[in-house]
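One structure is given here, and the rest of the page talks about it.
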Amino acid sequence: MIDLRNIPSAKEELDRYEVEHNFHSWSYQPAQSPPRVVSAKGVRFTTEDGRERLDFSSCFISHNIGHQDQRVVDAICQQAQSLTSFAPSMSTKPRALLTKMLAEITPGDLSRSFISLGGTEANEAAIKICHQFTGRRKMITRFRTYHGGTATSMSLSVGDSRSWAQVLGGTDMVRVPQPYCYRCSFGLTYPACELQCVKYIDEVIELEGGGEKVAGIIFEPVTGANGIIVPPPEYFPELRKICDRWGVLMIADEVMSGFGRTGRWFAMDHWNVVPDIMTMAKGMTCGYLPLGATIVRKHIGDRFKEQFFSHGATYAGHALCCATALALIPIYEEDNLIENSELMGRYLLDKAMELKDKHPCVGDVRGLGLFVGLELVKNQKTKEPLTPLDAKIRPGLNPKLEVAQKLGELGMMAMAANPVNVIAMAPPLIVTKDEIDEGVAIMDQALNVADVYAS
Ligand SMILES: Cc1ncc(COP(=O)(O)O)c(C=O)c1O
């Protein structure tokens, strides 16, 4: 065995370890190591070759406050000096304070949280709470969504090609379409459609056994990895009424859309609708340390004073991670990041709209806050997709990934590895107008690569 304190670490060796010893997420395992990131600050990151690039993906929509904020780094060091973690059966000050803080910033009477380590875990807890509270098994989920990588959360991620390669399970799934107006599943146009997509959910609940059988519906308020899908304004208020009628719980997965990303604390705040359960992660600790949470309304939380809560984890409420969130969450308000997301989001959306006029490969541009997507097509009129739905799980480059590669060469990372033909621009919420101009100019150049495939 090699000396464990002195593992050879020259560039070539690190490259080899990446290729031979590491599993890379959601991909064929690469023949070459990806560029190695050595530092990051604000909206930019630097690779080993000294090259600086713009981070317009906020590292999969997690680094909302930007990279290496000293206030958060200091808070982590300070907590680490006294207590990194302890058994979750005991109380720690960071966990107690964080659960109170989450009750303050989330809408309505959402008030009792289970603190986990990421978005997938937060959704697993949400589904279990939903089943335990209602005593029912069926869970409605929407096509074109991603709720996480484990068996249950991946089962809920229908229409995402990443779920096709996996053995699924965990809950009885019922699938319904998204409010995806650009490609309406009912062939209708908003507002003349009178929200057929919501009415259909009402019918599905009835056909699936209504209040006796259907436990809940899980959704991303603004769908992220599957295409930045923003619902029409009436969608969630109408869905709330339907769920109330059947006693079906609404689970809002705010893992991507939460923490200012859409220009509000949480995306559901846009429609003044309080879900029964909300999940969050990413922007909660912005990747400084991992953390997730599942928060429920008061009457749901109170039930578990009499009913056994059948869920848990060794690192639930990890003190160091909770202290990170405690130091970080107030920064959203102190630095006006949520207002900046709304303001800069409008600017980014306007600039992105201009790209549609210039590039035949851009079929649609949509977004809310600093969460803006460009849907790529072969033809703007026919809306023929640039790549088929299974392109993500096929080997080799495809036209969308060629755009992503070009973006990298030109000096920017966007959210382009999604399973669909949408490239998202979602910079940290500290972004300025100048940085948006810089990012959009890079995108403008990179899109030329896809124009070759469009007519
Ligand atoms: C909406 C949504 N839910 C859940 C998850 C899973 O979160 P994590 O990767 O932290 O497990 C993601 C991850 O991208 C997500 O976008």
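Every chain in the structure tokens has a letter given in the order shown (A, B, ...), and although residue numbers restart at 1 in each chain, ligands are simply numbered from 1 in the order shown.
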
Using only C-alpha atoms and all ligand atoms, tabulate the residues of chain A lying at most 10 Å from any atom of ligand 1, each with its closest atom pair and that distance in Å to one decimal, by chain and increasing residue number, as a Markdown table.
```
| residue | atom | partner | partner_atom_place_in_ligand_line | distance |
| --- | --- | --- | --- | --- |
| A:Cys59 | CA | ligand 1 | 14 (O) | 9.9 |
| A:Phe60 | CA | ligand 1 | 14 (O) | 6.5 |
| A:Ile61 | CA | ligand 1 | 14 (O) | 7.7 |
| A:Ser62 | CA | ligand 1 | 14 (O) | 8.8 |
| A:Ser116 | CA | ligand 1 | 10 (O) | 10.0 |
| A:Leu117 | CA | ligand 1 | 10 (O) | 7.5 |
| A:Gly118 | CA | ligand 1 | 10 (O) | 3.9 |
| A:Gly119 | CA | ligand 1 | 7 (O) | 3.3 |
| A:Thr120 | CA | ligand 1 | 11 (O) | 3.6 |
| A:Glu121 | CA | ligand 1 | 11 (O) | 6.3 |
| A:Ala122 | CA | ligand 1 | 4 (C) | 7.8 |
| A:Asn123 | CA | ligand 1 | 4 (C) | 6.8 |
| A:Glu124 | CA | ligand 1 | 4 (C) | 9.7 |
| A:Thr145 | CA | ligand 1 | 1 (C) | 7.4 |
| A:Tyr146 | CA | ligand 1 | 2 (C) | 5.5 |
| A:His147 | CA | ligand 1 | 3 (N) | 3.8 |
| A:Gly148 | CA | ligand 1 | 6 (C) | 3.9 |
| A:Gly149 | CA | ligand 1 | 11 (O) | 6.5 |
| A:Thr150 | CA | ligand 1 | 11 (O) | 8.4 |
| A:Ser153 | CA | ligand 1 | 4 (C) | 7.8 |
| A:Met154 | CA | ligand 1 | 6 (C) | 9.3 |
| A:Ser157 | CA | ligand 1 | 3 (N) | 9.0 |
| A:Phe219 | CA | ligand 1 | 1 (C) | 8.2 |
| A:Glu220 | CA | ligand 1 | 1 (C) | 5.7 |
| A:Pro221 | CA | ligand 1 | 1 (C) | 8.8 |
| A:Val222 | CA | ligand 1 | 1 (C) | 8.5 |
| A:Thr223 | CA | ligand 1 | 1 (C) | 6.9 |
| A:Gly224 | CA | ligand 1 | 16 (O) | 5.9 |
| A:Ala225 | CA | ligand 1 | 16 (O) | 6.0 |
| A:Asn226 | CA | ligand 1 | 16 (O) | 8.8 |
| A:Ala252 | CA | ligand 1 | 1 (C) | 9.2 |
| A:Asp253 | CA | ligand 1 | 1 (C) | 5.7 |
| A:Glu254 | CA | ligand 1 | 1 (C) | 6.2 |
| A:Val255 | CA | ligand 1 | 2 (C) | 4.8 |
| A:Met256 | CA | ligand 1 | 16 (O) | 4.9 |
| A:Ser257 | CA | ligand 1 | 1 (C) | 7.3 |
| A:Gly258 | CA | ligand 1 | 1 (C) | 9.4 |
| A:Thr279 | CA | ligand 1 | 3 (N) | 8.1 |
| A:Met280 | CA | ligand 1 | 3 (N) | 7.9 |
| A:Ala281 | CA | ligand 1 | 10 (O) | 6.1 |
| A:Lys282 | CA | ligand 1 | 10 (O) | 6.2 |
| A:Gly287 | CA | ligand 1 | 10 (O) | 9.5 |
| A:Pro290 | CA | ligand 1 | 10 (O) | 7.8 |
| A:Leu291 | CA | ligand 1 | 10 (O) | 7.8 |
| A:Gly292 | CA | ligand 1 | 10 (O) | 7.2 |
| A:Asn418 | CA | ligand 1 | 14 (O) | 9.6 |
```

Could you save those same residues with C-alpha atoms as a PDB file, in the first residue's frame?
```pdb
ATOM      1  CA  CYS A  59     -23.101  25.075  -9.483  1.00  0.00           C
ATOM      2  CA  PHE A  60     -26.469  23.493 -10.316  1.00  0.00           C
ATOM      3  CA  ILE A  61     -28.398  26.372  -8.714  1.00  0.00           C
ATOM      4  CA  SER A  62     -26.810  26.049  -5.308  1.00  0.00           C
ATOM      5  CA  SER A 116     -31.297  16.337   6.361  1.00  0.00           C
ATOM      6  CA  LEU A 117     -28.279  16.633   4.072  1.00  0.00           C
ATOM      7  CA  GLY A 118     -29.646  17.438   0.612  1.00  0.00           C
ATOM      8  CA  GLY A 119     -32.586  17.716  -1.749  1.00  0.00           C
ATOM      9  CA  THR A 120     -33.062  14.023  -2.418  1.00  0.00           C
ATOM     10  CA  GLU A 121     -33.230  13.239   1.289  1.00  0.00           C
ATOM     11  CA  ALA A 122     -35.597  16.147   1.872  1.00  0.00           C
ATOM     12  CA  ASN A 123     -37.995  14.702  -0.709  1.00  0.00           C
ATOM     13  CA  GLU A 124     -37.731  11.183   0.713  1.00  0.00           C
ATOM     14  CA  THR A 145     -39.427  16.654 -13.414  1.00  0.00           C
ATOM     15  CA  TYR A 146     -36.510  15.727 -11.162  1.00  0.00           C
ATOM     16  CA  HIS A 147     -36.915  15.117  -7.453  1.00  0.00           C
ATOM     17  CA  GLY A 148     -33.675  13.290  -6.626  1.00  0.00           C
ATOM     18  CA  GLY A 149     -31.449  10.297  -7.247  1.00  0.00           C
ATOM     19  CA  THR A 150     -32.705   7.600  -4.826  1.00  0.00           C
ATOM     20  CA  SER A 153     -37.313  10.322  -5.529  1.00  0.00           C
ATOM     21  CA  MET A 154     -36.138   9.009  -8.898  1.00  0.00           C
ATOM     22  CA  SER A 157     -38.791  11.979 -11.623  1.00  0.00           C
ATOM     23  CA  PHE A 219     -44.142  19.344  -7.890  1.00  0.00           C
ATOM     24  CA  GLU A 220     -41.362  21.822  -8.570  1.00  0.00           C
ATOM     25  CA  PRO A 221     -43.053  25.264  -8.411  1.00  0.00           C
ATOM     26  CA  VAL A 222     -40.796  26.306 -11.286  1.00  0.00           C
ATOM     27  CA  THR A 223     -39.426  23.185 -12.932  1.00  0.00           C
ATOM     28  CA  GLY A 224     -35.633  23.313 -13.113  1.00  0.00           C
ATOM     29  CA  ALA A 225     -33.513  20.622 -14.760  1.00  0.00           C
ATOM     30  CA  ASN A 226     -36.369  19.540 -17.035  1.00  0.00           C
ATOM     31  CA  ALA A 252     -43.609  21.904  -3.092  1.00  0.00           C
ATOM     32  CA  ASP A 253     -40.084  20.847  -4.007  1.00  0.00           C
ATOM     33  CA  GLU A 254     -38.247  24.171  -3.710  1.00  0.00           C
ATOM     34  CA  VAL A 255     -34.803  22.569  -3.837  1.00  0.00           C
ATOM     35  CA  MET A 256     -33.908  24.632  -6.929  1.00  0.00           C
ATOM     36  CA  SER A 257     -36.551  27.358  -6.901  1.00  0.00           C
ATOM     37  CA  GLY A 258     -36.150  28.333  -3.224  1.00  0.00           C
ATOM     38  CA  THR A 279     -38.619  20.784   0.686  1.00  0.00           C
ATOM     39  CA  MET A 280     -35.414  22.776   0.274  1.00  0.00           C
ATOM     40  CA  ALA A 281     -31.628  22.334   0.016  1.00  0.00           C
ATOM     41  CA  LYS A 282     -29.097  24.002  -2.339  1.00  0.00           C
ATOM     42  CA  GLY A 287     -22.843  24.435  -1.173  1.00  0.00           C
ATOM     43  CA  PRO A 290     -24.487  20.051   2.461  1.00  0.00           C
ATOM     44  CA  LEU A 291     -27.948  20.521   3.959  1.00  0.00           C
ATOM     45  CA  GLY A 292     -31.624  19.941   3.185  1.00  0.00           C
ATOM     46  CA  ASN A 418     -29.957  18.722 -18.197  1.00  0.00           C
TER      47      ASN A 418
END
```

Contacts between range 238-245 of chain A and range 133-214 of chain A, please, where a residue of range 133-214 of chain A counts if it comes within 10 Å (with only C-alpha atoms); show its shortest atom pair and distance in Å to one decimal, rows by chain and ascending number, as CSV.
```
residue,atom,partner,partner_atom,distance
A:Leu195,CA,A:Glu238,CA,8.9
A:Cys197,CA,A:Leu239,CA,9.8
A:Val198,CA,A:Leu239,CA,6.3
A:Lys199,CA,A:Leu239,CA,8.5
A:Ile201,CA,A:Leu239,CA,8.2
A:Asp202,CA,A:Ile242,CA,6.2
A:Glu203,CA,A:Ile242,CA,9.9
A:Ile205,CA,A:Cys243,CA,9.0
A:Gly210,CA,A:Arg245,CA,9.5
A:Gly211,CA,A:Arg245,CA,8.5
A:Val214,CA,A:Cys243,CA,10.0
```

Create the file for the chosen residues now, containing N, CA and C atoms and written as a CSV table (one decimal), in the first residue's frame.
```csv
chain,number,residue,atom,x,y,z
A,195,LEU,N,-56.9,26.3,-18.3
A,195,LEU,CA,-56.1,25.5,-17.4
A,195,LEU,C,-56.6,24.0,-17.4
A,197,CYS,N,-54.8,21.6,-17.8
A,197,CYS,CA,-53.8,20.8,-17.1
A,197,CYS,C,-54.2,20.6,-15.6
A,198,VAL,N,-54.8,21.6,-15.0
A,198,VAL,CA,-55.2,21.5,-13.6
A,198,VAL,C,-56.5,20.7,-13.5
A,199,LYS,N,-57.4,21.0,-14.4
A,199,LYS,CA,-58.7,20.3,-14.3
A,199,LYS,C,-58.4,18.8,-14.5
A,201,ILE,N,-55.9,17.1,-13.4
A,201,ILE,CA,-55.4,16.6,-12.1
A,201,ILE,C,-56.6,16.2,-11.2
A,202,ASP,N,-57.7,17.1,-11.2
A,202,ASP,CA,-58.9,16.8,-10.4
A,202,ASP,C,-59.5,15.5,-10.9
A,203,GLU,N,-59.6,15.3,-12.2
A,203,GLU,CA,-60.2,14.1,-12.7
A,203,GLU,C,-59.3,12.9,-12.3
A,205,ILE,N,-57.4,12.5,-9.8
A,205,ILE,CA,-57.5,12.2,-8.3
A,205,ILE,C,-58.8,11.4,-8.1
A,210,GLY,N,-59.6,9.1,-5.2
A,210,GLY,CA,-59.9,10.3,-4.4
A,210,GLY,C,-59.3,10.4,-3.0
A,211,GLY,N,-60.1,10.9,-2.1
A,211,GLY,CA,-59.6,11.1,-0.7
A,211,GLY,C,-59.3,9.8,0.0
A,214,VAL,N,-55.5,8.7,-2.6
A,214,VAL,CA,-54.4,9.6,-3.1
A,214,VAL,C,-53.9,10.4,-1.9
```

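For range 319-449 of chain A, backbone-based DSSP assignment of strand (DSSP E) covers Val362, Gly363, Asp364, Val365, Arg366, Gly367, Val372, Gly373, Leu374, Glu375, Leu376, Met412, Met413, Ala414, Val422, Ile423, Ala424 and Met425 of chain A.
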
Test item: residues at most 9 Å from Thr324 in chain A, only C-alpha atoms, excluding those fewer than 5 positions along its chain, as a PyMOL selection string: chain A and resi 72-73+75-76+79+94+284-285+288-289+319+329

Polymer residues at most 10 Å from Tyr453 in chain A, only C-alpha atoms, same-chain spacing of 6 or more positions, as a list in words: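 What passes the distance filter is Pro360, Cys361, Val377, Lys378, Asn379, Leu386, Thr387 and Pro399 of chain A.
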
C-alpha atoms of the current selection, written as a PDB file, in the first residue's frame:
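What follows is the written file part09.pdb:
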```pdb
ATOM      1  CA  PRO A 360     -32.892  30.126 -35.363  1.00  0.00           C
ATOM      2  CA  CYS A 361     -31.973  27.387 -32.834  1.00  0.00           C
ATOM      3  CA  VAL A 377     -35.062  23.540 -31.519  1.00  0.00           C
ATOM      4  CA  LYS A 378     -34.298  22.560 -35.102  1.00  0.00           C
ATOM      5  CA  ASN A 379     -37.033  24.825 -36.343  1.00  0.00           C
ATOM      6  CA  LEU A 386     -32.808  19.971 -31.250  1.00  0.00           C
ATOM      7  CA  THR A 387     -32.067  16.539 -29.741  1.00  0.00           C
ATOM      8  CA  PRO A 399     -25.659  19.414 -30.573  1.00  0.00           C
TER       9      PRO A 399
END
```

Test item: residues at most 6 Å from range 367-376 of chain A, only C-alpha atoms, excluding those fewer than 6 positions along its chain, as a VMD selection string: chain A and resid 228 261 to 263 341 to 342 345 361 386 421 to 426

Residue list (helix (DSSP H, G or I), DSSP) for range 2-153 of chain A, as an MDAnalysis selection string: chainID A and resid 11:21 58:61 70:82 93:105 119:134 151:153

If you keep C-alpha atoms, can you produce a file of those selected residues as a PDB file, in the first residue's frame?
```
ATOM      1  CA  LYS A  11      -1.366  16.847 -12.264  1.00  0.00           C
ATOM      2  CA  GLU A  12      -1.142  13.653 -14.343  1.00  0.00           C
ATOM      3  CA  GLU A  13      -1.754  11.517 -11.272  1.00  0.00           C
ATOM      4  CA  LEU A  14      -4.820  13.493 -10.160  1.00  0.00           C
ATOM      5  CA  ASP A  15      -6.160  13.234 -13.718  1.00  0.00           C
ATOM      6  CA  ARG A  16      -5.682   9.491 -13.606  1.00  0.00           C
ATOM      7  CA  TYR A  17      -7.447   9.134 -10.226  1.00  0.00           C
ATOM      8  CA  GLU A  18     -10.441  11.035 -11.640  1.00  0.00           C
ATOM      9  CA  VAL A  19     -10.650   8.679 -14.601  1.00  0.00           C
ATOM     10  CA  GLU A  20      -9.924   5.409 -12.774  1.00  0.00           C
ATOM     11  CA  HIS A  21     -11.246   5.830  -9.248  1.00  0.00           C
ATOM     12  CA  SER A  58     -24.397  28.666  -9.658  1.00  0.00           C
ATOM     13  CA  CYS A  59     -23.101  25.075  -9.483  1.00  0.00           C
ATOM     14  CA  PHE A  60     -26.469  23.493 -10.316  1.00  0.00           C
ATOM     15  CA  ILE A  61     -28.398  26.372  -8.714  1.00  0.00           C
ATOM     16  CA  GLN A  70     -15.899  35.244   4.088  1.00  0.00           C
ATOM     17  CA  ARG A  71     -18.818  35.660   6.539  1.00  0.00           C
ATOM     18  CA  VAL A  72     -19.904  32.070   5.925  1.00  0.00           C
ATOM     19  CA  VAL A  73     -16.384  30.657   5.937  1.00  0.00           C
ATOM     20  CA  ASP A  74     -15.757  32.349   9.309  1.00  0.00           C
ATOM     21  CA  ALA A  75     -18.987  30.980  10.790  1.00  0.00           C
ATOM     22  CA  ILE A  76     -18.046  27.457   9.704  1.00  0.00           C
ATOM     23  CA  CYS A  77     -14.597  27.755  11.309  1.00  0.00           C
ATOM     24  CA  GLN A  78     -16.091  29.146  14.505  1.00  0.00           C
ATOM     25  CA  GLN A  79     -18.673  26.348  14.883  1.00  0.00           C
ATOM     26  CA  ALA A  80     -16.072  23.704  13.999  1.00  0.00           C
ATOM     27  CA  GLN A  81     -14.000  24.834  16.993  1.00  0.00           C
ATOM     28  CA  SER A  82     -16.780  24.030  19.489  1.00  0.00           C
ATOM     29  CA  LYS A  93     -28.080  25.266  19.424  1.00  0.00           C
ATOM     30  CA  PRO A  94     -27.595  25.535  15.624  1.00  0.00           C
ATOM     31  CA  ARG A  95     -30.351  23.005  14.901  1.00  0.00           C
ATOM     32  CA  ALA A  96     -32.828  24.590  17.337  1.00  0.00           C
ATOM     33  CA  LEU A  97     -32.190  28.074  15.900  1.00  0.00           C
ATOM     34  CA  LEU A  98     -32.328  26.929  12.295  1.00  0.00           C
ATOM     35  CA  THR A  99     -35.729  25.253  12.640  1.00  0.00           C
ATOM     36  CA  LYS A 100     -37.076  28.539  14.077  1.00  0.00           C
ATOM     37  CA  MET A 101     -35.473  30.513  11.236  1.00  0.00           C
ATOM     38  CA  LEU A 102     -37.058  28.246   8.610  1.00  0.00           C
ATOM     39  CA  ALA A 103     -40.479  28.689  10.216  1.00  0.00           C
ATOM     40  CA  GLU A 104     -39.965  32.483   9.887  1.00  0.00           C
ATOM     41  CA  ILE A 105     -38.964  32.642   6.220  1.00  0.00           C
ATOM     42  CA  GLY A 119     -32.586  17.716  -1.749  1.00  0.00           C
ATOM     43  CA  THR A 120     -33.062  14.023  -2.418  1.00  0.00           C
ATOM     44  CA  GLU A 121     -33.230  13.239   1.289  1.00  0.00           C
ATOM     45  CA  ALA A 122     -35.597  16.147   1.872  1.00  0.00           C
ATOM     46  CA  ASN A 123     -37.995  14.702  -0.709  1.00  0.00           C
ATOM     47  CA  GLU A 124     -37.731  11.183   0.713  1.00  0.00           C
ATOM     48  CA  ALA A 125     -38.756  12.580   4.104  1.00  0.00           C
ATOM     49  CA  ALA A 126     -41.609  14.536   2.503  1.00  0.00           C
ATOM     50  CA  ILE A 127     -43.061  11.449   0.823  1.00  0.00           C
ATOM     51  CA  LYS A 128     -42.830   9.409   4.018  1.00  0.00           C
ATOM     52  CA  ILE A 129     -44.482  12.148   6.070  1.00  0.00           C
ATOM     53  CA  CYS A 130     -47.219  12.416   3.456  1.00  0.00           C
ATOM     54  CA  HIS A 131     -47.910   8.674   3.588  1.00  0.00           C
ATOM     55  CA  GLN A 132     -47.736   8.549   7.389  1.00  0.00           C
ATOM     56  CA  PHE A 133     -50.031  11.552   7.827  1.00  0.00           C
ATOM     57  CA  THR A 134     -52.720  10.537   5.328  1.00  0.00           C
ATOM     58  CA  ALA A 151     -35.286   4.928  -5.659  1.00  0.00           C
ATOM     59  CA  THR A 152     -38.368   6.823  -4.479  1.00  0.00           C
ATOM     60  CA  SER A 153     -37.313  10.322  -5.529  1.00  0.00           C
TER      61      SER A 153
END
```

Coordinates-based distance that separates CA of Pro428 in chain A from CA of Ile65 in chain A (Å, one decimal):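 CA of Ile65 in chain A sits 5.8 Å away from CA of Pro428 in chain A.
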
Who sits within 12 Å of Ala165 in chain A, only C-alpha atoms, same chain under 5 positions skipped, as a VMD selection string: chain A and resid 26 to 27 149 151 154 to 155 158 to 160 390 392 to 394

Among listed residues A:Gln307, A:Lys213, A:Phe114, A:Pro427, nearest Met413 in chain A (using only C-alpha atoms):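 Smallest separation from Met413 in chain A among the options: A:Pro427.
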
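Compared by their closest atoms to His318 in chain A, and using only C-alpha atoms, the residues A:Leu249, A:Leu110, A:Val403, A:Ala293 rank with A:Ala293 nearest.
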
Who sits within 12 Å of range 47-56 of chain A, only C-alpha atoms, same chain under 6 positions skipped, as a PyMOL selection string: chain A and resi 10-11+14-15+34-41+62-64+66-67+348+370-373+404+407-416+423-431+434-443

Distance of CA of Thr141 in chain A from CA of Pro177 in chain A, expressed in Å to one decimal place: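 Computing the Euclidean distance for CA of Pro177 in chain A and CA of Thr141 in chain A yields 8.5 Å.
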
Nearest candidate to Met278 in chain A (options A:Pro233, A:Cys321, A:Asp109, A:Gln380; using only C-alpha atoms): A:Asp109
